[in-house]
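Listing of final31.pdb, PDB, C-alpha atoms and all ligand atoms
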ATOM      1  CA  MET A   1     -23.041  27.542 -56.344  1.00  0.00           C
ATOM      2  CA  VAL A   2     -20.661  26.960 -59.232  1.00  0.00           C
ATOM      3  CA  ILE A   3     -18.671  30.041 -60.049  1.00  0.00           C
ATOM      4  CA  THR A   4     -16.454  30.875 -63.016  1.00  0.00           C
ATOM      5  CA  ILE A   5     -13.557  33.282 -62.752  1.00  0.00           C
ATOM      6  CA  GLY A   6     -12.398  35.134 -65.843  1.00  0.00           C
ATOM      7  CA  VAL A   7      -8.751  35.656 -66.663  1.00  0.00           C
ATOM      8  CA  LEU A   8      -8.090  38.567 -68.999  1.00  0.00           C
ATOM      9  CA  GLU A   9      -6.388  37.121 -72.059  1.00  0.00           C
ATOM     10  CA  LEU A  10      -5.182  40.165 -73.926  1.00  0.00           C
ATOM     11  CA  GLN A  11      -1.501  39.653 -73.210  1.00  0.00           C
ATOM     12  CA  GLY A  12       0.862  38.318 -70.570  1.00  0.00           C
ATOM     13  CA  GLY A  13       0.851  35.544 -68.001  1.00  0.00           C
ATOM     14  CA  PHE A  14      -2.750  34.371 -67.996  1.00  0.00           C
ATOM     15  CA  ASP A  15      -2.001  30.677 -68.311  1.00  0.00           C
ATOM     16  CA  LEU A  16      -0.714  30.120 -64.771  1.00  0.00           C
ATOM     17  CA  HIS A  17      -3.805  31.834 -63.334  1.00  0.00           C
ATOM     18  CA  HIS A  18      -6.035  29.344 -65.154  1.00  0.00           C
ATOM     19  CA  LYS A  19      -3.901  26.543 -63.706  1.00  0.00           C
ATOM     20  CA  MET A  20      -4.109  27.984 -60.208  1.00  0.00           C
ATOM     21  CA  LEU A  21      -7.893  28.328 -60.379  1.00  0.00           C
ATOM     22  CA  LYS A  22      -8.157  24.770 -61.625  1.00  0.00           C
ATOM     23  CA  LYS A  23      -5.951  23.604 -58.760  1.00  0.00           C
ATOM     24  CA  ILE A  24      -8.284  25.134 -56.187  1.00  0.00           C
ATOM     25  CA  GLY A  25     -11.350  23.746 -57.937  1.00  0.00           C
ATOM     26  CA  ILE A  26     -12.693  26.906 -59.565  1.00  0.00           C
ATOM     27  CA  ASN A  27     -13.769  27.076 -63.215  1.00  0.00           C
ATOM     28  CA  SER A  28     -11.859  29.600 -65.254  1.00  0.00           C
ATOM     29  CA  PHE A  29     -12.584  31.323 -68.509  1.00  0.00           C
ATOM     30  CA  GLY A  30     -10.407  33.375 -70.864  1.00  0.00           C
ATOM     31  CA  VAL A  31     -11.862  36.868 -71.202  1.00  0.00           C
ATOM     32  CA  LYS A  32     -11.277  38.560 -74.549  1.00  0.00           C
ATOM     33  CA  VAL A  33     -14.401  40.468 -75.480  1.00  0.00           C
ATOM     34  CA  GLU A  34     -17.051  42.475 -73.684  1.00  0.00           C
ATOM     35  CA  THR A  35     -19.735  39.809 -73.807  1.00  0.00           C
ATOM     36  CA  ASP A  36     -17.430  37.465 -71.872  1.00  0.00           C
ATOM     37  CA  PHE A  37     -18.158  39.489 -68.729  1.00  0.00           C
ATOM     38  CA  LYS A  38     -21.650  37.977 -68.663  1.00  0.00           C
ATOM     39  CA  LYS A  39     -20.115  34.548 -68.185  1.00  0.00           C
ATOM     40  CA  ILE A  40     -17.920  35.262 -65.173  1.00  0.00           C
ATOM     41  CA  ASP A  41     -18.194  35.930 -61.430  1.00  0.00           C
ATOM     42  CA  GLY A  42     -14.755  37.465 -60.873  1.00  0.00           C
ATOM     43  CA  LEU A  43     -11.767  38.626 -62.886  1.00  0.00           C
ATOM     44  CA  ILE A  44      -7.991  38.317 -62.835  1.00  0.00           C
ATOM     45  CA  ILE A  45      -5.858  40.863 -64.678  1.00  0.00           C
ATOM     46  CA  PRO A  46      -2.547  39.043 -65.109  1.00  0.00           C
ATOM     47  CA  GLY A  47       0.992  40.377 -65.312  1.00  0.00           C
ATOM     48  CA  GLY A  48       2.571  41.272 -68.598  1.00  0.00           C
ATOM     49  CA  GLU A  49       3.428  44.624 -70.047  1.00  0.00           C
ATOM     50  CA  SER A  50       1.235  47.472 -68.847  1.00  0.00           C
ATOM     51  CA  THR A  51       1.986  49.736 -71.829  1.00  0.00           C
ATOM     52  CA  THR A  52       0.693  46.999 -74.152  1.00  0.00           C
ATOM     53  CA  LEU A  53      -2.200  46.046 -71.875  1.00  0.00           C
ATOM     54  CA  SER A  54      -3.309  49.656 -71.783  1.00  0.00           C
ATOM     55  CA  LEU A  55      -3.419  49.864 -75.586  1.00  0.00           C
ATOM     56  CA  LEU A  56      -5.185  46.522 -75.907  1.00  0.00           C
ATOM     57  CA  LEU A  57      -7.870  47.523 -73.399  1.00  0.00           C
ATOM     58  CA  ASP A  58      -8.725  50.367 -75.763  1.00  0.00           C
ATOM     59  CA  THR A  59      -8.436  48.315 -78.948  1.00  0.00           C
ATOM     60  CA  PHE A  60     -10.809  45.682 -77.582  1.00  0.00           C
ATOM     61  CA  LYS A  61     -12.998  48.296 -75.880  1.00  0.00           C
ATOM     62  CA  LEU A  62     -12.883  46.586 -72.521  1.00  0.00           C
ATOM     63  CA  ARG A  63     -12.350  49.519 -70.164  1.00  0.00           C
ATOM     64  CA  ASN A  64     -15.999  50.212 -69.457  1.00  0.00           C
ATOM     65  CA  ALA A  65     -16.808  46.540 -69.132  1.00  0.00           C
ATOM     66  CA  ILE A  66     -14.131  46.183 -66.428  1.00  0.00           C
ATOM     67  CA  LEU A  67     -15.211  49.344 -64.605  1.00  0.00           C
ATOM     68  CA  GLU A  68     -18.836  48.187 -64.570  1.00  0.00           C
ATOM     69  CA  PHE A  69     -17.854  44.679 -63.498  1.00  0.00           C
ATOM     70  CA  ALA A  70     -15.745  46.111 -60.651  1.00  0.00           C
ATOM     71  CA  LYS A  71     -18.848  47.639 -59.085  1.00  0.00           C
ATOM     72  CA  SER A  72     -20.130  44.237 -58.010  1.00  0.00           C
ATOM     73  CA  TYR A  73     -17.563  41.492 -58.548  1.00  0.00           C
ATOM     74  CA  PRO A  74     -14.101  40.646 -57.217  1.00  0.00           C
ATOM     75  CA  ILE A  75     -11.079  41.623 -59.303  1.00  0.00           C
ATOM     76  CA  MET A  76      -7.465  40.698 -58.660  1.00  0.00           C
ATOM     77  CA  GLY A  77      -4.478  42.125 -60.537  1.00  0.00           C
ATOM     78  CA  THR A  78      -0.899  40.891 -60.464  1.00  0.00           C
ATOM     79  CA  CYS A  79       2.059  43.109 -61.381  1.00  0.00           C
ATOM     80  CA  ALA A  80       1.072  44.775 -64.694  1.00  0.00           C
ATOM     81  CA  GLY A  81      -2.499  43.942 -63.597  1.00  0.00           C
ATOM     82  CA  LEU A  82      -1.937  45.950 -60.404  1.00  0.00           C
ATOM     83  CA  ILE A  83      -0.540  48.809 -62.524  1.00  0.00           C
ATOM     84  CA  MET A  84      -3.695  48.757 -64.651  1.00  0.00           C
ATOM     85  CA  MET A  85      -5.894  48.811 -61.523  1.00  0.00           C
ATOM     86  CA  SER A  86      -4.079  51.844 -60.057  1.00  0.00           C
ATOM     87  CA  LYS A  87      -5.197  55.446 -60.044  1.00  0.00           C
ATOM     88  CA  SER A  88      -1.954  56.939 -61.217  1.00  0.00           C
ATOM     89  CA  ILE A  89       1.264  55.737 -62.789  1.00  0.00           C
ATOM     90  CA  ASP A  90       4.552  57.433 -63.658  1.00  0.00           C
ATOM     91  CA  ASP A  91       4.414  56.521 -67.346  1.00  0.00           C
ATOM     92  CA  GLU A  92       2.103  58.442 -69.612  1.00  0.00           C
ATOM     93  CA  ARG A  93       1.867  55.575 -72.082  1.00  0.00           C
ATOM     94  CA  VAL A  94      -0.164  53.708 -69.493  1.00  0.00           C
ATOM     95  CA  LYS A  95      -3.749  54.804 -68.930  1.00  0.00           C
ATOM     96  CA  PRO A  96      -4.797  53.070 -65.709  1.00  0.00           C
ATOM     97  CA  LEU A  97      -8.334  52.031 -64.817  1.00  0.00           C
ATOM     98  CA  GLY A  98      -8.349  53.921 -61.514  1.00  0.00           C
ATOM     99  CA  LEU A  99      -9.959  51.103 -59.550  1.00  0.00           C
ATOM    100  CA  LEU A 100      -7.534  51.085 -56.631  1.00  0.00           C
ATOM    101  CA  ASP A 101      -6.639  54.332 -54.909  1.00  0.00           C
ATOM    102  CA  ILE A 102      -2.891  53.813 -55.264  1.00  0.00           C
ATOM    103  CA  ILE A 103      -0.040  55.602 -57.003  1.00  0.00           C
ATOM    104  CA  VAL A 104       2.542  53.310 -58.569  1.00  0.00           C
ATOM    105  CA  LYS A 105       5.925  53.496 -60.184  1.00  0.00           C
ATOM    106  CA  ARG A 106       6.774  50.987 -62.891  1.00  0.00           C
ATOM    107  CA  ASN A 107       9.858  48.773 -62.697  1.00  0.00           C
ATOM    108  CA  ALA A 108      10.742  50.477 -59.437  1.00  0.00           C
ATOM    109  CA  TYR A 109      12.658  47.733 -57.675  1.00  0.00           C
ATOM    110  CA  GLY A 110      15.287  47.728 -60.402  1.00  0.00           C
ATOM    111  CA  ARG A 111      17.643  44.889 -61.012  1.00  0.00           C
ATOM    112  CA  GLN A 112      17.850  43.216 -57.621  1.00  0.00           C
ATOM    113  CA  VAL A 113      14.311  42.041 -57.915  1.00  0.00           C
ATOM    114  CA  MET A 114      14.310  41.349 -61.600  1.00  0.00           C
ATOM    115  CA  SER A 115      12.806  37.900 -61.674  1.00  0.00           C
ATOM    116  CA  SER A 116      13.761  36.929 -58.160  1.00  0.00           C
ATOM    117  CA  GLN A 117      11.955  35.290 -55.312  1.00  0.00           C
ATOM    118  CA  GLU A 118      11.640  37.549 -52.280  1.00  0.00           C
ATOM    119  CA  LYS A 119      10.268  37.228 -48.791  1.00  0.00           C
ATOM    120  CA  VAL A 120       6.800  38.733 -48.544  1.00  0.00           C
ATOM    121  CA  ILE A 121       5.239  39.209 -45.135  1.00  0.00           C
ATOM    122  CA  PHE A 122       1.541  38.552 -45.506  1.00  0.00           C
ATOM    123  CA  ALA A 123      -0.900  39.562 -42.787  1.00  0.00           C
ATOM    124  CA  LEU A 124      -3.187  36.593 -42.474  1.00  0.00           C
ATOM    125  CA  ASN A 125      -5.188  38.681 -40.042  1.00  0.00           C
ATOM    126  CA  LYS A 126      -4.570  41.311 -37.377  1.00  0.00           C
ATOM    127  CA  GLU A 127      -2.750  38.870 -35.115  1.00  0.00           C
ATOM    128  CA  ARG A 128      -0.850  36.677 -37.485  1.00  0.00           C
ATOM    129  CA  ASN A 129       1.727  37.265 -40.201  1.00  0.00           C
ATOM    130  CA  ILE A 130       3.068  34.560 -42.459  1.00  0.00           C
ATOM    131  CA  GLU A 131       6.123  34.543 -44.683  1.00  0.00           C
ATOM    132  CA  LEU A 132       5.709  33.754 -48.350  1.00  0.00           C
ATOM    133  CA  PHE A 133       8.435  33.495 -50.954  1.00  0.00           C
ATOM    134  CA  SER A 134       7.153  34.884 -54.189  1.00  0.00           C
ATOM    135  CA  THR A 135       8.416  36.109 -57.531  1.00  0.00           C
ATOM    136  CA  PHE A 136       8.938  39.727 -58.532  1.00  0.00           C
ATOM    137  CA  ILE A 137       9.468  40.463 -62.219  1.00  0.00           C
ATOM    138  CA  ARG A 138      10.197  44.119 -62.940  1.00  0.00           C
ATOM    139  CA  ALA A 139       7.665  44.836 -60.258  1.00  0.00           C
ATOM    140  CA  PRO A 140       5.869  48.121 -59.666  1.00  0.00           C
ATOM    141  CA  ARG A 141       6.229  49.968 -56.367  1.00  0.00           C
ATOM    142  CA  ILE A 142       3.171  51.272 -54.561  1.00  0.00           C
ATOM    143  CA  LYS A 143       4.319  54.773 -53.668  1.00  0.00           C
ATOM    144  CA  ASP A 144       1.185  56.082 -52.039  1.00  0.00           C
ATOM    145  CA  TYR A 145      -2.296  54.904 -51.195  1.00  0.00           C
ATOM    146  CA  GLY A 146      -5.620  56.303 -50.024  1.00  0.00           C
ATOM    147  CA  ASN A 147      -7.526  55.749 -46.764  1.00  0.00           C
ATOM    148  CA  ASP A 148      -9.675  53.038 -48.211  1.00  0.00           C
ATOM    149  CA  VAL A 149      -6.718  50.855 -49.121  1.00  0.00           C
ATOM    150  CA  ILE A 150      -5.558  48.155 -46.732  1.00  0.00           C
ATOM    151  CA  ILE A 151      -2.013  46.895 -46.923  1.00  0.00           C
ATOM    152  CA  ILE A 152      -2.045  43.132 -46.492  1.00  0.00           C
ATOM    153  CA  ALA A 153       1.526  42.281 -47.463  1.00  0.00           C
ATOM    154  CA  LYS A 154       4.908  43.949 -47.450  1.00  0.00           C
ATOM    155  CA  PHE A 155       8.321  43.374 -48.914  1.00  0.00           C
ATOM    156  CA  LYS A 156      11.086  45.247 -47.111  1.00  0.00           C
ATOM    157  CA  ASP A 157       8.553  47.654 -45.622  1.00  0.00           C
ATOM    158  CA  TYR A 158       7.001  48.467 -48.975  1.00  0.00           C
ATOM    159  CA  PRO A 159       3.375  47.540 -49.555  1.00  0.00           C
ATOM    160  CA  VAL A 160       3.158  44.789 -52.174  1.00  0.00           C
ATOM    161  CA  ALA A 161      -0.408  43.551 -51.694  1.00  0.00           C
ATOM    162  CA  VAL A 162      -3.278  45.995 -51.335  1.00  0.00           C
ATOM    163  CA  PHE A 163      -6.893  45.299 -50.750  1.00  0.00           C
ATOM    164  CA  SER A 164      -9.877  47.585 -51.095  1.00  0.00           C
ATOM    165  CA  ARG A 165     -13.498  46.451 -50.943  1.00  0.00           C
ATOM    166  CA  ASN A 166     -13.663  43.762 -53.652  1.00  0.00           C
ATOM    167  CA  LEU A 167     -10.320  44.548 -55.267  1.00  0.00           C
ATOM    168  CA  LEU A 168      -6.905  43.067 -54.677  1.00  0.00           C
ATOM    169  CA  GLY A 169      -3.654  44.216 -56.254  1.00  0.00           C
ATOM    170  CA  LEU A 170      -0.358  42.332 -55.981  1.00  0.00           C
ATOM    171  CA  ALA A 171       3.050  43.619 -57.110  1.00  0.00           C
ATOM    172  CA  PHE A 172       4.359  40.041 -57.285  1.00  0.00           C
ATOM    173  CA  HIS A 173       3.297  36.738 -58.884  1.00  0.00           C
ATOM    174  CA  PRO A 174       1.870  34.124 -56.481  1.00  0.00           C
ATOM    175  CA  GLU A 175       0.677  32.060 -59.465  1.00  0.00           C
ATOM    176  CA  ILE A 176       4.304  31.417 -60.458  1.00  0.00           C
ATOM    177  CA  ASP A 177       5.137  30.065 -57.014  1.00  0.00           C
ATOM    178  CA  GLY A 178       2.050  27.942 -56.564  1.00  0.00           C
ATOM    179  CA  ILE A 179       0.819  30.224 -53.747  1.00  0.00           C
ATOM    180  CA  ASP A 180      -2.957  29.910 -53.775  1.00  0.00           C
ATOM    181  CA  ILE A 181      -3.869  31.986 -50.715  1.00  0.00           C
ATOM    182  CA  PHE A 182      -4.771  35.116 -52.711  1.00  0.00           C
ATOM    183  CA  HIS A 183      -6.840  33.305 -55.323  1.00  0.00           C
ATOM    184  CA  ARG A 184      -8.673  31.577 -52.513  1.00  0.00           C
ATOM    185  CA  MET A 185      -9.309  34.706 -50.467  1.00  0.00           C
ATOM    186  CA  MET A 186     -10.690  36.523 -53.498  1.00  0.00           C
ATOM    187  CA  PHE A 187     -12.666  33.877 -55.284  1.00  0.00           C
ATOM    188  CA  ASP A 188     -13.344  30.915 -53.046  1.00  0.00           C
ATOM    189  CA  ASN A 189     -15.769  32.615 -50.822  1.00  0.00           C
ATOM    190  CA  TYR A 190     -16.842  35.864 -52.260  1.00  0.00           C
ATOM    191  CA  SER A 191     -19.774  37.960 -51.104  1.00  0.00           C
ATOM    192  CA  GLU A 192     -20.403  41.391 -49.629  1.00  0.00           C
ATOM    193  CA  PHE A 193     -20.434  39.748 -46.234  1.00  0.00           C
ATOM    194  CA  TYR A 194     -17.082  38.160 -46.871  1.00  0.00           C
ATOM    195  CA  TYR A 195     -15.477  41.438 -47.878  1.00  0.00           C
ATOM    196  CA  LYS A 196     -16.819  43.091 -44.753  1.00  0.00           C
ATOM    197  CA  LYS A 197     -15.328  40.324 -42.662  1.00  0.00           C
ATOM    198  CA  LEU A 198     -12.030  40.541 -44.494  1.00  0.00           C
ATOM    199  CA  LYS A 199     -11.914  44.269 -43.917  1.00  0.00           C
ATOM    200  CA  GLU A 200     -12.636  43.782 -40.201  1.00  0.00           C
ATOM    201  CA  ASN A 201      -9.782  41.306 -40.065  1.00  0.00           C
ATOM    202  CA  TYR A 202      -7.293  43.736 -41.454  1.00  0.00           C
ATOM    203  CA  ALA A 203      -8.431  47.142 -40.278  1.00  0.00           C
ATOM    204  CA  ALA A 204      -6.008  48.480 -37.698  1.00  0.00           C
TER
HETATM  205  N1  LIG B 301       7.175  45.901 -65.668  1.00  0.00           N
HETATM  206  C1  LIG B 301       5.928  45.489 -66.238  1.00  0.00           C
HETATM  207  C2  LIG B 301       5.071  46.685 -66.549  1.00  0.00           C
HETATM  208  O1  LIG B 301       5.376  47.750 -66.135  1.00  0.00           O
HETATM  209  C3  LIG B 301       5.176  44.560 -65.304  1.00  0.00           C
HETATM  210  C4  LIG B 301       5.897  43.258 -65.192  1.00  0.00           C
HETATM  211  C5  LIG B 301       5.006  42.116 -64.812  1.00  0.00           C
HETATM  212  O2  LIG B 301       3.792  42.155 -64.982  1.00  0.00           O
HETATM  213  N2  LIG B 301       5.632  41.070 -64.353  1.00  0.00           N
HETATM  214  O3  LIG B 301       4.084  46.540 -67.197  1.00  0.00           O
END
Written form, structure tokens:
Amino acid sequence: MVITIGVLELQGGFDLHHKMLKKIGINSFGVKVETDFKKIDGLIIPGGESTTLSLLLDTFKLRNAILEFAKSYPIMGTCAGLIMMSKSIDDERVKPLGLLDIIVKRNAYGRQVMSSQEKVIFALNKERNIELFSTFIRAPRIKDYGNDVIIIAKFKDYPVAVFSRNLLGLAFHPEIDGIDIFHRMMFDNYSEFYYKKLKENYAA
């Protein structure tokens, strides 16, 4: 089956996600209006500026479309995308979508990780961790998370990649570093069955 993954093109770093999808052989499509959701089988909410993204989601009336889409299709958010997917955020200018049961703090890593590459420990499965070097740009910190949320990667003991059902949120930017593992795990092989298997892999 040929699938097409949408990349939200309201603002921010959507271009590299299109390139990454192309690299792994998946069609991509720039999502701008509600009717675009009919054309896609998964969605990426890229990084950018969450205060702006939040306003634009309202301006373009895309909130409901995303919430509906999230009921049956995979969605991945990076950085500001993760902030938008969260349940709660420490900045009242940002109205999150509440898709992932996480509480985040914007720009929480401060200057050390302002546009730097850091070592992320990614749990490939229960038995095996791998090290990835990926880019953090004024990254959000995941301060708390609910029972349904599985931590699949950490940076200095902080969760930086969280997975729940068909949703994945990343505090960093694998698309900048050419790391395709997350795009593949979300979109290469998606199905209810796959998510169940993925959950089994990670559940402690
Ligand atoms: N600091 C930005 C925000 O809070 C996110 C930065 C990013 O997406 N790289 O929206």
Using all atoms listed in the file for the distances, tell me which of A:Ile152, A:Ile179, A:Ala108, A:Ile45 is nearest to Asn129 in chain A.
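Nearest to Asn129 in chain A: A:Ile152.
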Please find the residues contacting ligand LIG 301 (chain B) at a distance of at most 8 Å between atoms, with only C-alpha atoms and all ligand atoms counted, and report them as a list in words.
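The residues near ligand LIG 301 (chain B) are Gly12, Gly13, Pro46, Gly47, Gly48, Glu49, Ser50, Thr51, Thr52, Leu53, Thr78, Cys79, Ala80, Gly81, Ile83, Arg106, Asn107, Phe136, Ile137, Arg138, Ala139, Pro140, Phe172 and His173 of chain A.
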Please return as number ranges by chain every residue within 9 Å of (-9.0, 29.6, -54.8), taking into account only C-alpha atoms and the file's own coordinates.
A: 20-26, 180-189
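Nearest to Val162 in chain A of all the residues A:Leu82, A:Ile89, A:Val94, A:Val120 is A:Leu82, counting all atoms listed in the file.
Among the candidates A:Val160, A:Leu62, A:Leu97, A:Ile151, the one nearest to Lys119 in chain A when counting all atoms listed in the file is A:Val160.
Nearest residue to Tyr145 in chain A among A:Ser88, A:Tyr109, A:Arg93, A:Leu124 is A:Ser88, counting all atoms listed in the file.
Atom pair CA of Asp148 in chain A / CA of Arg165 in chain A has a distance of 8.1 Å (rounded to one decimal).
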Suppose you want the space between CA of Val33 in chain A and CA of Val104 in chain A; what is it in Å?
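Between CA of Val33 in chain A and CA of Val104 in chain A the gap works out to 27.2 Å.
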